[in-house]
Number of protein chains: 2
Amino acid sequence: MNLLLKNVAQHISLTSEEENHLLSLTELRRYPAKSILLNSGDICTHSYFVNSGVLRSFTINDNIVEHVLNFACSGWWIADFYSLISQKPGSLFIDAIEDTEVVLLSKENQNQLYRDIPKFERFFRILVENSLVANQQRIMDNLSMTAEERYAQFLKRYPNLANQIPQKHLASYIGVTPEFFSKMKASYLKRL
Amino acid sequence: MNLLLKNVAQHISLTSEEENHLLSLTELRRYPAKSILLNSGDICTHSYFVNSGVLRSFTINDNIVEHVLNFACSGWWIADFYSLISQKPGSLFIDAIEDTEVVLLSKENQNQLYRDIPKFERFFRILVENSLVANQQRIMDNLSMTAEERYAQFLKRYPNLANQIPQKHLASYIGVTPEFFSKMKASYLKRL
DNA sequence: CGTCTATTTGAATGTACTCAAAAGCGGTGG
DNA sequence: CCACCGCTTTTGAGTACATTCAAATAGACG
């Protein structure tokens with residue numbers, strides 16, 4: 001079954017006409033590994049729903065250092081929310097870590113969806129609520145945990161993801177340098 | 001004018017009947033400074049909208065160390081979102097930093113509102129979206145900035161709030177110990 | 001096979017923490 | 001109105017966690 005429809009069905013129920021309408025407002029696209037879906041400075045015009053593969057959102061600061069905000073693997077949504085909402089230039093890049101198949105939903109079509117099928121207000125509200133909770137949890141983890149504890153937490157929360165992404169990206173998400181991550185992981189594994 | 005209605009009017013427009021209906025589903029309450037609105041381990045049953053004063057959400061870990069997730073001053077909403085959404089026991093405390101006047105909206109009444117006035121799906125979606133953007137920004141700040149830069153950022157973003165809250169709470173929000181915050185602030189101010 | 005990037009390892013450094021103690025500040029009661 | 005108490009903030013010394021820079025090793029891909 002279509003993964004997007006399954007995702008939607010978790011929170012609201014649609015008639016098959018409504019399902020078709022949703023699909024008619026989306027676009028399927030494939031991105032090869034390392035391709036860039038969104039550039040920093042651009043206005044984010046779409047939400048991306050991942051069918052397969054892995055995406056990642058991140059910024060680059062002055063020193064050419066990347067900072068990973070989020071990963072999105074199959075069944076997850078990703079976007080530069082700030083830019084998508086405000087329609088101002090954002091600071092995030094989004095790229096594909098692996099070959100990735102994505103469902104695109106443009107901002108206009110999302111608004112169309114709100115008008116045509118008001119239930120989608122609820123759907124996206126719930127989606128954003130869950131995302132907010134996850135982000136708040138991450139903030140608390142950053143405040144209260146050492147890098148090693150955050151690493152253990154990540155492994156517990158996203159057991160499959162750690163194998164799908166280069167270690168340096170995980171280091172960045174956790175909030176440490178790749179060098180330190182390597183040492184920390186070695187001493188962590190030795191203690192198990 | 002009623003601050004809550006003003007807040008709602010920023011995102012959706014209500015008839016005066018709808019405004020009255022909203023108000024009828026809320027409750028006004030005053031909390032003296034240092035009183036606790038929500039305890040860790042409890043299920044969060046209400047959202048809180050601050051009319052005046054300042055609230056704060058935080059956790060306490062094993063070592064009796066507090067970690068501040070959020071402040072809410074007049075015109076802001078606060079809750080333990082995880083608990084409110086899941087209706088499971090949460091980990092957050094919410095307390096009053098000053099004497100605070102709050103509008104309470106229970107989860108049931110919020111759901112009632114969704115049924116009676118579907119526009120509120122949109123209102124709370126927008127509210128949560130903005131909150132999500134702010135939280136993502138905070139995560140990126142934590143990943144890419146030193147404590148001093150985060151302090152400067154806080155002063156810029158919430159210029160009035162820094163004077164309303166004890167310094168130790170600001171230290172916790174920024175993510176450093178009160179001792180380090182004190183030293184950092186001293187050296188920061190000396191350099192201005 | 002060679003090149004490019006990712007990961008590991010090491011040494012020196014810096015940022016932030018812990019523990020301890022002193023100084024400042026606000027509220028309350030005498 | 002002042003003195004005391006409790007809590008917050010400051011200051012200092014020693015320590016730990018994490019970074020930087022440099023170089024070696026390992027992996028991936030054409």
# chains A, B, ... in the order shown; residues from 1 in each chain; ligands from 1
call {"tool": "interface_residues", "arguments": {"of": "chain B", "to": "chain C", "cutoff": "8 Å", "atoms": "only C-alpha atoms (C1' of nucleotides)", "output": "PyMOL selection string"}}
result
chain B and resi 176-177+180
call {"tool": "write_last_selection", "arguments": {"atoms": "N, CA and C atoms", "output": "short mmCIF file (atom, residue, chain, number, x, y, z; two decimals), in the first residue's frame"}}
result
data_model
loop_
_atom_site.label_atom_id
_atom_site.label_comp_id
_atom_site.auth_asym_id
_atom_site.auth_seq_id
_atom_site.Cartn_x
_atom_site.Cartn_y
_atom_site.Cartn_z
N VAL B 176 23.97 26.22 30.71
CA VAL B 176 25.20 26.23 31.51
C VAL B 176 24.85 26.30 32.99
N THR B 177 25.85 26.09 33.84
CA THR B 177 25.64 26.18 35.29
C THR B 177 25.54 27.65 35.68
N PHE B 180 29.04 29.23 36.00
CA PHE B 180 29.68 29.58 34.73
C PHE B 180 28.98 30.77 34.08
#
call {"tool": "interface_residues", "arguments": {"of": "chain A", "to": "chain D", "cutoff": "12 Å", "atoms": "only C-alpha atoms (C1' of nucleotides)", "output": "list in words"}}
result
Met145, Thr146, Ala147, Glu148, Pro166, Gly175, Val176, Thr177, Pro178, Glu179, Phe180, Phe181, Lys183 and Met184 of chain A
call {"tool": "interface_residues", "arguments": {"of": "chain B", "to": "chain A", "cutoff": "9 Å", "atoms": "only C-alpha atoms", "output": "JSON, numbers by chain"}}
result
{"B": [58, 59, 61, 65, 66, 67, 68, 69, 80, 81, 82, 85, 118, 119, 121, 122, 124, 125, 126, 128, 129, 130, 131, 132, 133, 134, 135, 136, 137, 138, 139, 140, 142, 143, 144, 172, 173, 174, 175, 176]}
call {"tool": "write_last_selection", "arguments": {"atoms": "N, CA and C atoms", "output": "short mmCIF file (atom, residue, chain, number, x, y, z; two decimals), in the first residue's frame"}}
result
data_model
loop_
_atom_site.label_atom_id
_atom_site.label_comp_id
_atom_site.auth_asym_id
_atom_site.auth_seq_id
_atom_site.Cartn_x
_atom_site.Cartn_y
_atom_site.Cartn_z
N PHE B 58 10.05 23.10 33.27
CA PHE B 58 11.38 22.55 33.53
C PHE B 58 11.28 21.12 34.04
N THR B 59 12.41 20.41 33.98
CA THR B 59 12.52 19.09 34.58
C THR B 59 13.53 19.15 35.72
N ASN B 61 16.43 16.50 37.28
CA ASN B 61 17.02 15.16 37.15
C ASN B 61 17.53 14.66 38.50
N VAL B 65 19.10 18.75 39.84
CA VAL B 65 19.41 19.86 38.95
C VAL B 65 18.19 20.16 38.07
N GLU B 66 17.81 21.42 37.99
CA GLU B 66 16.70 21.82 37.14
C GLU B 66 17.19 22.15 35.73
N HIS B 67 16.35 21.80 34.75
CA HIS B 67 16.64 22.19 33.37
C HIS B 67 15.42 22.88 32.79
N VAL B 68 15.59 24.13 32.39
CA VAL B 68 14.46 24.94 31.92
C VAL B 68 14.20 24.68 30.45
N LEU B 69 12.98 24.26 30.13
CA LEU B 69 12.60 24.08 28.73
C LEU B 69 12.12 25.40 28.15
N ASP B 80 2.78 21.04 29.07
CA ASP B 80 3.65 19.90 28.80
C ASP B 80 3.05 19.19 27.60
N PHE B 81 3.56 19.54 26.43
CA PHE B 81 2.95 19.08 25.19
C PHE B 81 2.93 17.57 25.07
N TYR B 82 4.02 16.96 25.46
CA TYR B 82 4.06 15.51 25.38
C TYR B 82 2.89 14.91 26.15
N ILE B 85 -0.73 15.85 24.81
CA ILE B 85 -1.12 15.13 23.60
C ILE B 85 -1.37 13.66 23.88
N PRO B 118 -14.28 24.64 13.76
CA PRO B 118 -13.13 23.96 13.14
C PRO B 118 -11.96 24.89 12.83
N LYS B 119 -12.22 26.18 12.72
CA LYS B 119 -11.14 27.13 12.50
C LYS B 119 -10.03 26.99 13.53
N GLU B 121 -8.71 24.34 14.61
CA GLU B 121 -7.69 23.40 14.13
C GLU B 121 -6.55 24.20 13.50
N ARG B 122 -6.94 25.15 12.68
CA ARG B 122 -5.98 26.01 12.00
C ARG B 122 -5.21 26.85 13.00
N PHE B 124 -4.54 26.42 16.20
CA PHE B 124 -3.54 25.69 17.00
C PHE B 124 -2.46 25.07 16.12
N ARG B 125 -2.81 24.76 14.89
CA ARG B 125 -1.77 24.29 13.97
C ARG B 125 -0.72 25.37 13.78
N ILE B 126 -1.17 26.59 13.55
CA ILE B 126 -0.24 27.70 13.33
C ILE B 126 0.59 27.96 14.58
N VAL B 128 1.41 25.84 16.89
CA VAL B 128 2.38 24.77 17.08
C VAL B 128 3.48 24.86 16.03
N GLU B 129 3.12 25.26 14.83
CA GLU B 129 4.13 25.45 13.78
C GLU B 129 5.16 26.48 14.22
N ASN B 130 4.69 27.60 14.73
CA ASN B 130 5.60 28.66 15.16
C ASN B 130 6.49 28.18 16.30
N SER B 131 5.88 27.42 17.18
CA SER B 131 6.63 26.87 18.30
C SER B 131 7.71 25.90 17.81
N LEU B 132 7.33 25.10 16.82
CA LEU B 132 8.29 24.15 16.25
C LEU B 132 9.47 24.87 15.63
N VAL B 133 9.19 25.93 14.88
CA VAL B 133 10.27 26.71 14.26
C VAL B 133 11.21 27.26 15.32
N ALA B 134 10.63 27.81 16.39
CA ALA B 134 11.46 28.37 17.47
C ALA B 134 12.31 27.28 18.12
N ASN B 135 11.73 26.12 18.30
CA ASN B 135 12.48 25.03 18.92
C ASN B 135 13.60 24.52 18.02
N GLN B 136 13.32 24.46 16.71
CA GLN B 136 14.36 24.04 15.78
C GLN B 136 15.50 25.05 15.78
N GLN B 137 15.14 26.32 15.84
CA GLN B 137 16.16 27.36 15.89
C GLN B 137 17.02 27.19 17.14
N ARG B 138 16.37 26.87 18.24
CA ARG B 138 17.11 26.71 19.50
C ARG B 138 18.07 25.51 19.43
N ILE B 139 17.61 24.45 18.79
CA ILE B 139 18.48 23.28 18.61
C ILE B 139 19.70 23.66 17.79
N MET B 140 19.48 24.39 16.70
CA MET B 140 20.61 24.79 15.86
C MET B 140 21.55 25.71 16.64
N ASN B 142 22.07 25.64 19.83
CA ASN B 142 22.83 24.80 20.76
C ASN B 142 23.95 24.05 20.06
N LEU B 143 23.70 23.67 18.80
CA LEU B 143 24.71 22.91 18.07
C LEU B 143 25.86 23.80 17.62
N SER B 144 25.55 25.04 17.29
CA SER B 144 26.55 25.84 16.57
C SER B 144 27.14 27.00 17.36
N SER B 172 20.16 28.08 33.04
CA SER B 172 19.67 26.74 32.75
C SER B 172 19.09 26.67 31.33
N TYR B 173 18.35 27.70 30.94
CA TYR B 173 17.77 27.74 29.60
C TYR B 173 18.87 27.76 28.54
N ILE B 174 19.89 28.57 28.80
CA ILE B 174 21.03 28.68 27.89
C ILE B 174 21.81 27.36 27.83
N GLY B 175 21.81 26.64 28.94
CA GLY B 175 22.48 25.35 28.99
C GLY B 175 23.81 25.35 29.71
N VAL B 176 23.97 26.22 30.71
CA VAL B 176 25.20 26.23 31.51
C VAL B 176 24.85 26.30 32.99
#
call {"tool": "atom_distance", "arguments": {"atom1": "CA of Ser35 in chain B", "atom2": "CA of Leu92 in chain B"}}
result
14.4 Å
call {"tool": "select_by_dssp", "arguments": {"residues": "range 15-72 of chain B", "states": "alpha helix (DSSP H)", "output": "ChimeraX atom specification"}}
result
/B:16-24
call {"tool": "select_by_dssp", "arguments": {"residues": "range 15-189 of chain A", "states": "strand (DSSP E or B)", "output": "NGL selection string"}}
result
:A and (26-31 or 36-38 or 46-52 or 54-60 or 66-73 or 77-78 or 93-96 or 100-106)
call {"tool": "residues_around", "arguments": {"residues": "Phe71 in chain B", "least_positions_apart": "4", "cutoff": "10 Å", "atoms": "only C-alpha atoms (C1' of nucleotides)", "output": "PyMOL selection string"}}
result
chain B and resi 54-58+76-78+94-97+161+165+169-170+173
call {"tool": "atom_distance", "arguments": {"atom1": "CA of Thr26 in chain A", "atom2": "CA of Glu98 in chain A"}}
result
21.7 Å
call {"tool": "atom_distance", "arguments": {"atom1": "CA of Leu105 in chain B", "atom2": "CA of Thr45 in chain B"}}
result
8.5 Å
call {"tool": "residues_around", "arguments": {"residues": "Asp116 in chain A", "least_positions_apart": "6", "cutoff": "12 Å", "atoms": "only C-alpha atoms (C1' of nucleotides)", "output": "tab-separated table (two decimals) with N, CA and C atoms, in the first residue's frame"}}
result
chain	number	residue	atom	x	y	z
A	17	GLU	N	-12.04	8.89	-2.75
A	17	GLU	CA	-11.95	10.10	-3.58
A	17	GLU	C	-10.97	11.10	-2.96
A	18	GLU	N	-11.06	11.23	-1.66
A	18	GLU	CA	-10.15	12.16	-0.98
A	18	GLU	C	-8.71	11.69	-1.11
A	19	GLU	N	-8.53	10.38	-1.01
A	19	GLU	CA	-7.18	9.83	-1.19
A	19	GLU	C	-6.64	10.18	-2.58
A	21	HIS	N	-7.59	12.61	-4.44
A	21	HIS	CA	-7.36	14.05	-4.52
A	21	HIS	C	-6.01	14.42	-3.92
A	22	LEU	N	-5.73	13.83	-2.77
A	22	LEU	CA	-4.42	14.06	-2.15
A	22	LEU	C	-3.31	13.69	-3.12
A	25	LEU	N	-2.48	15.96	-5.90
A	25	LEU	CA	-1.81	17.21	-5.54
A	25	LEU	C	-0.33	16.99	-5.19
A	109	ASN	N	-0.32	23.55	-2.92
A	109	ASN	CA	-1.19	22.38	-2.89
A	109	ASN	C	-1.58	21.99	-1.47
A	110	GLN	N	-0.70	22.26	-0.54
A	110	GLN	CA	-1.05	22.00	0.85
A	110	GLN	C	-2.19	22.93	1.27
